[in-house]
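Shown next: upload_7.cif, containing mmCIF, C-alpha atoms (C1' of nucleotides).
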data_entry
#
loop_
_atom_site.label_atom_id
_atom_site.label_comp_id
_atom_site.auth_asym_id
_atom_site.auth_seq_id
_atom_site.Cartn_x
_atom_site.Cartn_y
_atom_site.Cartn_z
CA MET B 500 0.00 0.00 0.00
CA THR B 501 2.34 2.70 1.26
CA ALA B 502 4.95 3.42 -1.41
CA HIS B 503 7.75 5.53 0.01
CA SER B 504 10.26 3.07 -1.36
CA SER B 505 13.63 4.21 -2.58
CA PRO B 506 14.39 6.40 -5.61
CA ALA B 507 12.19 7.13 -8.57
CA THR B 508 11.11 3.64 -9.52
CA ASP B 509 10.14 3.66 -13.14
CA GLY B 510 6.52 2.65 -13.08
CA ASP B 511 3.80 2.32 -10.52
CA ASP B 512 5.08 4.83 -8.01
CA PHE B 513 4.84 7.45 -10.67
CA LEU B 514 1.40 6.25 -11.63
CA ARG B 515 0.19 6.51 -8.09
CA LEU B 516 1.52 10.04 -7.61
CA ASP B 517 -0.13 11.22 -10.76
CA GLN B 518 -3.42 9.73 -9.75
CA GLN B 519 -3.25 11.34 -6.35
CA ILE B 520 -2.51 14.90 -7.39
CA CYS B 521 -5.10 14.89 -10.11
CA PHE B 522 -7.67 13.18 -8.01
CA SER B 523 -7.01 15.57 -5.12
CA LEU B 524 -7.60 18.51 -7.37
CA HIS B 525 -10.77 16.99 -8.74
CA ALA B 526 -12.03 16.21 -5.25
CA ALA B 527 -11.16 19.66 -3.91
CA SER B 528 -12.95 21.31 -6.78
CA ARG B 529 -16.10 19.31 -6.16
CA ALA B 530 -15.90 19.84 -2.41
CA PHE B 531 -15.68 23.59 -3.02
CA ASN B 532 -18.64 23.35 -5.34
CA GLY B 533 -20.58 21.59 -2.60
CA VAL B 534 -19.93 24.36 -0.08
CA TYR B 535 -20.94 26.98 -2.62
CA ARG B 536 -24.08 25.02 -3.39
CA THR B 537 -25.28 25.23 0.19
CA VAL B 538 -24.20 28.85 0.70
CA LEU B 539 -25.72 30.06 -2.58
CA LYS B 540 -28.96 28.11 -2.27
CA ASP B 541 -30.68 31.05 -0.56
CA LEU B 542 -29.73 33.31 -3.46
CA GLY B 543 -31.01 30.84 -6.03
CA LEU B 544 -27.65 30.84 -7.80
CA THR B 545 -25.30 28.05 -8.85
CA TYR B 546 -21.59 28.62 -8.54
CA PRO B 547 -20.96 29.44 -12.22
CA GLN B 548 -23.96 31.77 -12.16
CA TYR B 549 -22.47 33.46 -9.10
CA LEU B 550 -19.20 33.93 -10.98
CA VAL B 551 -21.06 35.60 -13.85
CA MET B 552 -22.89 37.91 -11.45
CA LEU B 553 -19.58 38.80 -9.79
CA VAL B 554 -18.03 40.03 -13.04
CA LEU B 555 -21.22 41.87 -13.96
CA TRP B 556 -21.38 43.53 -10.54
CA GLU B 557 -17.81 44.61 -11.04
CA ASP B 558 -18.05 45.81 -14.64
CA GLY B 559 -21.72 46.74 -14.89
CA GLU B 560 -22.14 45.50 -18.42
CA LEU B 561 -20.20 43.17 -20.71
CA PRO B 562 -20.56 41.37 -24.02
CA VAL B 563 -20.79 37.58 -23.81
CA LYS B 564 -17.35 37.30 -25.32
CA ARG B 565 -15.72 39.23 -22.46
CA ILE B 566 -17.53 37.21 -19.81
CA GLY B 567 -16.23 34.06 -21.45
CA GLU B 568 -12.68 35.39 -21.46
CA ARG B 569 -12.86 36.33 -17.79
CA LEU B 570 -14.27 33.01 -16.65
CA ARG B 571 -12.74 30.70 -19.28
CA LEU B 572 -16.15 29.60 -20.43
CA ASP B 573 -17.30 29.23 -24.01
CA SER B 574 -20.63 30.07 -25.56
CA GLY B 575 -21.90 26.52 -25.26
CA THR B 576 -21.78 26.95 -21.49
CA LEU B 577 -22.63 30.63 -21.25
CA SER B 578 -25.62 30.84 -23.60
CA PRO B 579 -27.99 28.60 -21.62
CA LEU B 580 -26.58 29.89 -18.33
CA LEU B 581 -27.30 33.50 -19.29
CA LYS B 582 -30.77 32.57 -20.46
CA ARG B 583 -31.45 31.05 -17.06
CA LEU B 584 -30.21 34.21 -15.37
CA GLU B 585 -32.42 36.22 -17.72
CA SER B 586 -35.56 34.21 -17.04
CA ALA B 587 -34.75 34.55 -13.32
CA GLY B 588 -34.95 38.30 -13.90
CA LEU B 589 -31.35 38.95 -12.85
CA VAL B 590 -29.77 40.02 -16.14
CA GLU B 591 -30.79 41.62 -19.41
CA ARG B 592 -29.44 40.63 -22.83
CA ARG B 593 -29.48 43.02 -25.74
CA ARG B 594 -27.94 43.08 -29.19
CA SER B 595 -25.29 45.72 -29.48
CA VAL B 596 -26.13 48.57 -31.84
CA GLU B 597 -22.58 49.09 -33.11
CA ASP B 598 -21.98 45.39 -33.77
CA GLU B 599 -25.08 43.33 -34.36
CA ARG B 600 -23.14 40.13 -33.75
CA SER B 601 -22.45 41.08 -30.15
CA VAL B 602 -24.84 40.62 -27.22
CA THR B 603 -24.45 42.88 -24.21
CA VAL B 604 -25.34 41.49 -20.80
CA ARG B 605 -26.03 43.61 -17.76
CA PRO B 606 -27.72 43.15 -14.40
CA THR B 607 -31.32 44.24 -13.95
CA PRO B 608 -32.28 46.23 -10.85
CA ALA B 609 -33.14 42.92 -9.20
CA GLY B 610 -29.73 41.59 -10.19
CA THR B 611 -27.98 44.61 -8.75
CA GLU B 612 -30.02 44.33 -5.60
CA LEU B 613 -28.95 40.72 -5.18
CA ARG B 614 -25.43 41.95 -4.59
CA GLU B 615 -26.42 43.05 -1.10
CA SER B 616 -27.70 39.59 -0.23
CA ALA B 617 -24.45 38.15 -1.55
CA ARG B 618 -22.33 40.38 0.65
CA ASP B 619 -21.41 37.81 3.26
CA VAL B 620 -20.96 34.89 0.89
CA PRO B 621 -17.16 35.35 0.61
CA ARG B 622 -16.71 35.42 4.36
CA ARG B 623 -18.74 32.27 4.82
CA ILE B 624 -16.81 30.49 2.08
CA ALA B 625 -13.41 31.61 3.35
CA HIS B 626 -14.38 30.44 6.81
CA SER B 627 -15.34 27.04 5.44
CA THR B 628 -11.89 26.53 3.97
CA GLY B 629 -10.31 26.62 7.42
CA LEU B 630 -7.40 28.56 5.93
CA ARG B 631 -5.98 31.92 6.82
CA VAL B 632 -5.51 34.66 4.27
CA GLU B 633 -1.82 33.94 3.65
CA ASP B 634 -2.50 30.25 3.14
CA ILE B 635 -5.20 31.09 0.64
CA ARG B 636 -2.89 33.40 -1.24
CA GLY B 637 -0.14 30.79 -1.36
CA LEU B 638 -2.43 28.07 -2.56
CA ARG B 639 -3.90 30.35 -5.18
CA GLU B 640 -0.45 31.14 -6.57
CA GLU B 641 0.42 27.46 -6.78
CA LEU B 642 -2.79 26.69 -8.60
CA GLU B 643 -2.30 29.52 -11.06
CA ARG B 644 1.22 28.33 -11.81
CA LEU B 645 -0.13 24.83 -12.33
CA THR B 646 -2.90 26.06 -14.60
CA ARG B 647 -0.47 28.03 -16.74
CA ALA B 648 1.73 24.97 -17.11
CA LEU B 649 -1.22 22.76 -18.03
CA ASP B 650 -2.57 25.25 -20.54
CA ALA B 651 0.82 25.50 -22.16
CA ALA B 652 0.93 21.71 -22.45
CA ALA B 653 -2.52 21.39 -24.07
CA PRO B 654 -2.50 23.13 -27.43
CA MET K 551 -5.81 45.75 -8.72
CA THR K 552 -3.18 44.47 -6.28
CA ALA K 553 -4.64 44.38 -2.80
CA HIS K 554 -1.92 43.83 -0.22
CA SER K 555 -3.27 46.77 1.77
CA SER K 556 -3.14 46.75 5.53
CA PRO K 557 -5.00 44.46 7.91
CA ALA K 558 -8.18 42.55 7.26
CA THR K 559 -10.36 45.21 5.70
CA ASP K 560 -13.94 44.25 6.22
CA GLY K 561 -15.35 43.98 2.73
CA ASP K 562 -14.17 43.88 -0.84
CA ASP K 563 -10.62 42.71 -0.21
CA PHE K 564 -12.05 39.61 1.34
CA LEU K 565 -14.46 39.21 -1.53
CA ARG K 566 -11.72 39.37 -4.09
CA LEU K 567 -9.53 36.85 -2.30
CA ASP K 568 -12.35 34.39 -2.05
CA GLN K 569 -13.19 34.71 -5.68
CA GLN K 570 -9.60 34.16 -6.68
CA ILE K 571 -8.92 31.02 -4.70
CA CYS K 572 -12.13 29.37 -5.73
CA PHE K 573 -11.81 30.42 -9.32
CA SER K 574 -8.19 29.26 -9.40
CA LEU K 575 -9.21 25.86 -8.19
CA HIS K 576 -12.02 25.66 -10.71
CA ALA K 577 -9.70 26.74 -13.52
CA ALA K 578 -6.94 24.34 -12.50
CA SER K 579 -9.39 21.47 -12.38
CA ARG K 580 -10.65 22.22 -15.88
CA ALA K 581 -7.15 22.75 -17.23
CA PHE K 582 -6.17 19.36 -15.85
CA ASN K 583 -9.22 17.86 -17.45
CA GLY K 584 -8.16 19.38 -20.78
CA VAL K 585 -4.71 17.80 -20.61
CA TYR K 586 -6.22 14.44 -19.73
CA ARG K 587 -8.68 14.81 -22.58
CA THR K 588 -5.90 15.07 -25.15
CA VAL K 589 -3.71 12.39 -23.56
CA LEU K 590 -6.58 9.92 -23.14
CA LYS K 591 -8.14 10.50 -26.55
CA ASP K 592 -6.09 7.67 -28.08
CA LEU K 593 -7.41 5.28 -25.44
CA GLY K 594 -11.01 6.35 -26.01
CA LEU K 595 -11.41 7.19 -22.32
CA THR K 596 -12.59 10.30 -20.51
CA TYR K 597 -10.88 11.27 -17.29
CA PRO K 598 -13.51 9.82 -14.92
CA GLN K 599 -13.58 6.65 -17.00
CA TYR K 600 -9.79 6.48 -16.67
CA LEU K 601 -10.14 6.81 -12.89
CA VAL K 602 -12.59 3.90 -12.83
CA MET K 603 -10.24 1.76 -14.91
CA LEU K 604 -7.36 2.65 -12.56
CA VAL K 605 -9.17 1.32 -9.51
CA LEU K 606 -10.31 -1.76 -11.41
CA TRP K 607 -6.78 -2.44 -12.66
CA GLU K 608 -5.62 -2.16 -9.09
CA ASP K 609 -8.34 -4.23 -7.43
CA GLY K 610 -9.41 -6.50 -10.26
CA GLU K 611 -13.07 -6.46 -9.35
CA LEU K 612 -15.28 -4.22 -7.25
CA PRO K 613 -18.97 -3.58 -6.53
CA VAL K 614 -20.32 -0.25 -7.74
CA LYS K 615 -20.58 0.94 -4.15
CA ARG K 616 -16.83 0.54 -3.54
CA ILE K 617 -15.93 2.33 -6.78
CA GLY K 618 -18.11 5.22 -5.70
CA GLU K 619 -16.44 5.38 -2.30
CA ARG K 620 -12.98 5.40 -3.84
CA LEU K 621 -13.75 8.13 -6.37
CA ARG K 622 -16.39 10.09 -4.44
CA LEU K 623 -18.96 9.47 -7.15
CA ASP K 624 -22.53 8.41 -6.63
CA SER K 625 -24.61 5.97 -8.60
CA GLY K 626 -26.17 8.71 -10.70
CA THR K 627 -22.76 9.36 -12.19
CA LEU K 628 -21.41 5.82 -12.14
CA SER K 629 -24.34 3.94 -13.63
CA PRO K 630 -24.26 5.55 -17.09
CA LEU K 631 -20.46 5.75 -17.02
CA LEU K 632 -20.15 2.02 -16.34
CA LYS K 633 -22.67 1.24 -19.05
CA ARG K 634 -20.55 3.18 -21.52
CA LEU K 635 -17.47 1.27 -20.41
CA GLU K 636 -19.45 -1.93 -20.79
CA SER K 637 -20.65 -1.16 -24.31
CA ALA K 638 -17.06 -0.21 -25.16
CA GLY K 639 -16.19 -3.76 -24.17
CA LEU K 640 -13.84 -2.73 -21.37
CA VAL K 641 -15.75 -3.91 -18.30
CA GLU K 642 -18.28 -6.53 -17.33
CA ARG K 643 -21.17 -5.99 -14.92
CA ARG K 644 -22.77 -8.84 -13.04
CA ARG K 645 -25.17 -9.18 -10.17
CA SER K 646 -23.48 -10.58 -7.14
CA VAL K 647 -24.65 -14.04 -6.10
CA GLU K 648 -24.32 -13.44 -2.35
CA ASP K 649 -26.14 -10.11 -2.45
CA GLU K 650 -28.53 -9.68 -5.33
CA ARG K 651 -28.64 -5.92 -4.77
CA SER K 652 -24.96 -5.57 -5.53
CA VAL K 653 -23.42 -5.32 -9.01
CA THR K 654 -19.84 -6.43 -9.44
CA VAL K 655 -17.72 -4.69 -12.06
CA ARG K 656 -14.50 -6.08 -13.48
CA PRO K 657 -12.34 -5.49 -16.54
CA THR K 658 -12.75 -7.71 -19.57
CA PRO K 659 -9.61 -9.06 -21.28
CA ALA K 660 -9.76 -6.02 -23.57
CA GLY K 661 -10.01 -3.78 -20.51
CA THR K 662 -7.03 -5.46 -18.89
CA GLU K 663 -5.09 -5.18 -22.11
CA LEU K 664 -5.76 -1.46 -22.23
CA ARG K 665 -3.61 -1.07 -19.15
CA GLU K 666 -0.49 -1.53 -21.28
CA SER K 667 -1.51 1.29 -23.60
CA ALA K 668 -2.13 3.47 -20.55
CA ARG K 669 1.33 2.83 -19.12
CA ASP K 670 2.88 6.13 -20.10
CA VAL K 671 -0.15 8.31 -19.36
CA PRO K 672 1.04 9.23 -15.84
CA ARG K 673 4.46 10.29 -17.04
CA ARG K 674 2.98 12.47 -19.77
CA ILE K 675 0.55 14.08 -17.34
CA ALA K 676 3.18 14.67 -14.67
CA HIS K 677 5.40 16.24 -17.30
CA SER K 678 2.58 18.56 -18.35
CA THR K 679 2.25 19.92 -14.84
CA GLY K 680 5.78 21.32 -14.97
CA LEU K 681 6.19 20.33 -11.32
CA ARG K 682 8.73 18.10 -9.63
CA VAL K 683 7.73 15.19 -7.46
CA GLU K 684 8.13 17.05 -4.15
CA ASP K 685 6.04 19.97 -5.44
CA ILE K 686 3.32 17.58 -6.48
CA ARG K 687 3.34 15.92 -3.09
CA GLY K 688 3.14 19.26 -1.29
CA LEU K 689 0.30 20.52 -3.42
CA ARG K 690 -1.57 17.28 -2.97
CA GLU K 691 -1.32 17.55 0.80
CA GLU K 692 -2.62 21.11 0.74
CA LEU K 693 -5.54 20.11 -1.44
CA GLU K 694 -6.43 17.18 0.77
CA ARG K 695 -6.37 19.39 3.85
CA LEU K 696 -8.59 21.87 2.04
CA THR K 697 -11.00 19.15 0.94
CA ARG K 698 -11.31 17.79 4.47
CA ALA K 699 -12.06 21.27 5.78
CA LEU K 700 -14.65 21.89 3.08
CA ASP K 701 -16.32 18.53 3.60
CA ALA K 702 -16.53 19.21 7.33
CA ALA K 703 -18.19 22.56 6.60
CA ALA K 704 -20.86 21.16 4.25
CA PRO K 705 -23.01 18.63 6.05
"C1'" DC I 855 -43.00 -15.85 10.42
"C1'" DA I 856 -44.35 -10.79 9.77
"C1'" DC I 857 -42.96 -6.21 9.25
"C1'" DA I 858 -40.27 -2.04 9.43
"C1'" DA I 859 -35.79 -0.05 8.50
"C1'" DT I 860 -31.78 -0.14 5.80
"C1'" DT I 861 -28.86 -0.91 1.78
"C1'" DC I 862 -27.87 -0.77 -3.00
"C1'" DA I 863 -28.31 0.20 -7.82
"C1'" DA I 864 -30.83 2.46 -11.18
"C1'" DT I 865 -33.48 6.27 -12.94
"C1'" DT I 866 -34.99 11.06 -13.56
"C1'" DG I 867 -34.32 15.93 -13.79
"C1'" DC I 868 -31.38 19.82 -13.81
"C1'" DA I 869 -27.04 22.26 -14.61
"C1'" DC I 870 -22.44 22.68 -16.22
"C1'" DA I 871 -18.31 21.78 -19.69
"C1'" DC I 872 -16.75 21.28 -24.11
"C1'" DA I 873 -16.34 19.89 -29.09
"C1'" DA I 874 -18.36 20.52 -33.44
"C1'" DC I 875 -21.10 22.81 -36.26
"C1'" DC I 876 -24.22 26.66 -37.95
"C1'" DA I 877 -25.86 31.40 -39.17
"C1'" DA I 878 -25.61 36.17 -39.19
"C1'" DA I 879 -22.75 40.19 -39.32
"C1'" DT I 880 -18.48 42.44 -40.20
"C1'" DG I 881 -14.33 43.82 -42.66
"C1'" DG I 882 -10.93 43.34 -46.40
"C1'" DC I 883 -9.78 42.89 -50.99
"C1'" DG I 884 -9.91 43.17 -55.91
"C1'" DC A 398 -20.05 46.06 -55.93
"C1'" DG A 399 -19.11 40.82 -55.15
"C1'" DC A 400 -16.45 37.50 -52.76
"C1'" DC A 401 -14.47 35.47 -48.71
"C1'" DA A 402 -12.21 34.92 -44.25
"C1'" DT A 403 -13.09 36.23 -39.56
"C1'" DT A 404 -15.76 37.25 -35.55
"C1'" DT A 405 -19.62 36.34 -32.51
"C1'" DG A 406 -23.56 33.83 -30.51
"C1'" DG A 407 -26.24 30.07 -30.78
"C1'" DT A 408 -27.39 25.05 -31.16
"C1'" DT A 409 -26.63 20.13 -30.73
"C1'" DG A 410 -24.65 16.06 -28.80
"C1'" DT A 411 -21.95 13.69 -25.35
"C1'" DG A 412 -20.41 13.18 -20.72
"C1'" DT A 413 -20.15 14.17 -16.10
"C1'" DG A 414 -22.04 15.73 -11.14
"C1'" DC A 415 -25.56 15.67 -7.93
"C1'" DA A 416 -30.25 15.71 -5.58
"C1'" DA A 417 -34.32 13.10 -5.25
"C1'" DT A 418 -36.99 9.13 -6.09
"C1'" DT A 419 -37.91 4.25 -7.06
"C1'" DG A 420 -37.68 -0.58 -6.38
"C1'" DA A 421 -35.66 -4.77 -5.17
"C1'" DA A 422 -33.10 -7.28 -1.69
"C1'" DT A 423 -31.39 -7.74 2.87
"C1'" DT A 424 -31.29 -7.17 7.79
"C1'" DG A 425 -33.17 -6.38 12.33
"C1'" DT A 426 -36.82 -7.00 15.66
"C1'" DG A 427 -40.52 -8.95 17.89
#
Translate the structure of the given file into structure tokens.
Amino acid sequence: MTAHSSPATDGDDFLRLDQQICFSLHAASRAFNGVYRTVLKDLGLTYPQYLVMLVLWEDGELPVKRIGERLRLDSGTLSPLLKRLESAGLVERRRSVEDERSVTVRPTPAGTELRESARDVPRRIAHSTGLRVEDIRGLREELERLTRALDAAAP
Amino acid sequence: MTAHSSPATDGDDFLRLDQQICFSLHAASRAFNGVYRTVLKDLGLTYPQYLVMLVLWEDGELPVKRIGERLRLDSGTLSPLLKRLESAGLVERRRSVEDERSVTVRPTPAGTELRESARDVPRRIAHSTGLRVEDIRGLREELERLTRALDAAAP
DNA sequence: CACAATTCAATTGCACACAACCAAATGGCG
DNA sequence: CGCCATTTGGTTGTGTGCAATTGAATTGTG
């Protein structure tokens, strides 16, 4: 079971390590999603929807393209998500007048108002992690370095 | 942009930090998935399918329940996934004789054979991360600590 | 034995995530 | 102007991820 043998054995030790790091990341991501699910339930938002509202609260109004760039999501994910936010009355979608291909998304009054209810979400989430601010920053930097490396390796 | 101000300001600094850690984790998880997608394409496996095959290669044969415990997946995810693996000819599903409620899953000869083709997957993945073995171990430990904390906070 | 509680897999419904493709609009170019 | 590559959203199809429900089988209790 435990494999802290000697040097870098060629095969299965490597296999196990790979499985563990990737699985840990996968598990952590889903665990985070679970915490967000419970915290955001009152707001009626999923976690990706919350991310979209965050960038809209910050920027006021953005074309779909920009939202996708910010959140690394493509139109196949964003289109139905934005429609759900629209039918929930939280955002408004309108064709741009300068460029008819572009769709501008911005929060409705109800969407803007929701920001107040979402005020203490970050604190609750951060508390759930059991980490202090420096730990969070360090972990974030490691993950960003990892993501850059992975993106570079997947062309 | 950069917010290394003074002490713990009450509001938006906190908000930003939270968003970044969670988003980083989300992004890293998807980036990892992307690398696995390209590496596993030749094998005709998705990443979760690869995880299932890993535990089956290791244990030879397991009931669905045990697979779910190992990978933190429930039957709603595993049932269709296992059916796809079955129709791909990689695994075999059979009702247990001792407990008729239980379904035992094990690799077919083709599934066992696939293990050889998957031999160099871990090395390719580990190389894509751009990390050395100690870094991987450290990151894994941080993620596991984080996951435990998050699980404890979401009952 | 009868009967309630539990266990286990499967199913259903909803919401991402992403590849592949489509259609409309734009912008160059001759 | 006509032609064509590019940009931008949208749609479709496949595959998770998870909550809730169903239904069969097993276990516990009297």
- Query: Taking the file as shown, what set of residues would the PyMOL selection byres ((chain B) within 7 of (chain K)) give back, as a ChimeraX atom specification?
  - Reply: /B:513-514,517,520,523-528,530-531,533-534,621-622,625,627-629,635,639,642-643,645-646,648-650,652-653
Write out as a compact mmCIF listing (two decimals) with C-alpha atoms, in the frame of the given file every residue belonging to chain K that has an atom at most 7 Å from any atom of chain I, counting only C-alpha atoms (C1' of nucleotides).
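part_16.txt written:
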# COMPACT_ATOMS: atom_id res chain seq x y z
CA SER K 625 -24.61 5.97 -8.60
CA ARG K 651 -28.64 -5.92 -4.77
CA SER K 652 -24.96 -5.57 -5.53
For the structure provided, state which residues fall under the PyMOL selection byres ((chain K) within 9 of (chain A)), and present them as an mmCIF file with C-alpha atoms, keeping the file's coordinate frame.
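File written: out-v4.cif
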data_model
loop_
_atom_site.group_PDB
_atom_site.id
_atom_site.type_symbol
_atom_site.label_atom_id
_atom_site.label_comp_id
_atom_site.auth_asym_id
_atom_site.auth_seq_id
_atom_site.Cartn_x
_atom_site.Cartn_y
_atom_site.Cartn_z
ATOM 1 C CA THR K 596 -12.590 10.300 -20.510
ATOM 2 C CA PRO K 598 -13.510 9.820 -14.920
ATOM 3 C CA LEU K 623 -18.960 9.470 -7.150
ATOM 4 C CA ASP K 624 -22.530 8.410 -6.630
ATOM 5 C CA GLY K 626 -26.170 8.710 -10.700
ATOM 6 C CA THR K 627 -22.760 9.360 -12.190
ATOM 7 C CA LEU K 631 -20.460 5.750 -17.020
ATOM 8 C CA ASP K 649 -26.140 -10.110 -2.450
ATOM 9 C CA GLU K 650 -28.530 -9.680 -5.330
ATOM 10 C CA ARG K 651 -28.640 -5.920 -4.770
#
- Message: Can you measure atom CA of B:Glu560 to atom CA of B:Arg592 for me? One decimal in Å is fine.
- Response: 9.8 Å
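Rounded to one decimal, atom CA of K:Ala660 and atom CA of K:Lys615 lie 23.3 Å from each other.
Put simply, atom CA of B:Pro562 is 5.4 Å away from atom CA of B:Val602.
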- For this file, the PyMOL selection byres ((chain K and resi 607) around 9) selects which residues, as a count of residues only? 14
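Residue nearest B:Ile566, chosen from B:Val596, B:Val590, B:Val604, B:Leu584 and counting all atoms listed in the file: B:Val604.
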For stretch 618-630 of chain B, write N, CA and C atoms out as a compact mmCIF listing (two decimals), in the first residue's frame.
# COMPACT_ATOMS: atom_id res chain seq x y z
N ARG B 618 -23.45 39.72 0.00
CA ARG B 618 -22.33 40.38 0.65
C ARG B 618 -21.50 39.46 1.53
N ASP B 619 -22.17 38.62 2.30
CA ASP B 619 -21.41 37.81 3.26
C ASP B 619 -21.05 36.43 2.73
N VAL B 620 -21.34 36.19 1.46
CA VAL B 620 -20.96 34.89 0.89
C VAL B 620 -19.45 34.65 1.00
N PRO B 621 -18.61 35.59 0.56
CA PRO B 621 -17.16 35.35 0.61
C PRO B 621 -16.67 34.98 2.00
N ARG B 622 -17.17 35.70 3.01
CA ARG B 622 -16.71 35.42 4.36
C ARG B 622 -17.07 34.00 4.77
N ARG B 623 -18.31 33.61 4.44
CA ARG B 623 -18.74 32.27 4.82
C ARG B 623 -17.90 31.20 4.11
N ILE B 624 -17.62 31.45 2.83
CA ILE B 624 -16.81 30.49 2.08
C ILE B 624 -15.40 30.41 2.65
N ALA B 625 -14.79 31.59 2.85
CA ALA B 625 -13.41 31.61 3.35
C ALA B 625 -13.33 30.91 4.70
N HIS B 626 -14.36 31.10 5.51
CA HIS B 626 -14.38 30.44 6.81
C HIS B 626 -14.45 28.93 6.66
N SER B 627 -15.19 28.48 5.66
CA SER B 627 -15.34 27.04 5.44
C SER B 627 -14.03 26.37 5.03
N THR B 628 -13.14 27.14 4.41
CA THR B 628 -11.89 26.53 3.97
C THR B 628 -10.97 26.19 5.13
N GLY B 629 -11.18 26.85 6.28
CA GLY B 629 -10.31 26.62 7.42
C GLY B 629 -8.91 27.15 7.22
N LEU B 630 -8.73 28.01 6.22
CA LEU B 630 -7.40 28.56 5.93
C LEU B 630 -7.35 30.03 6.33
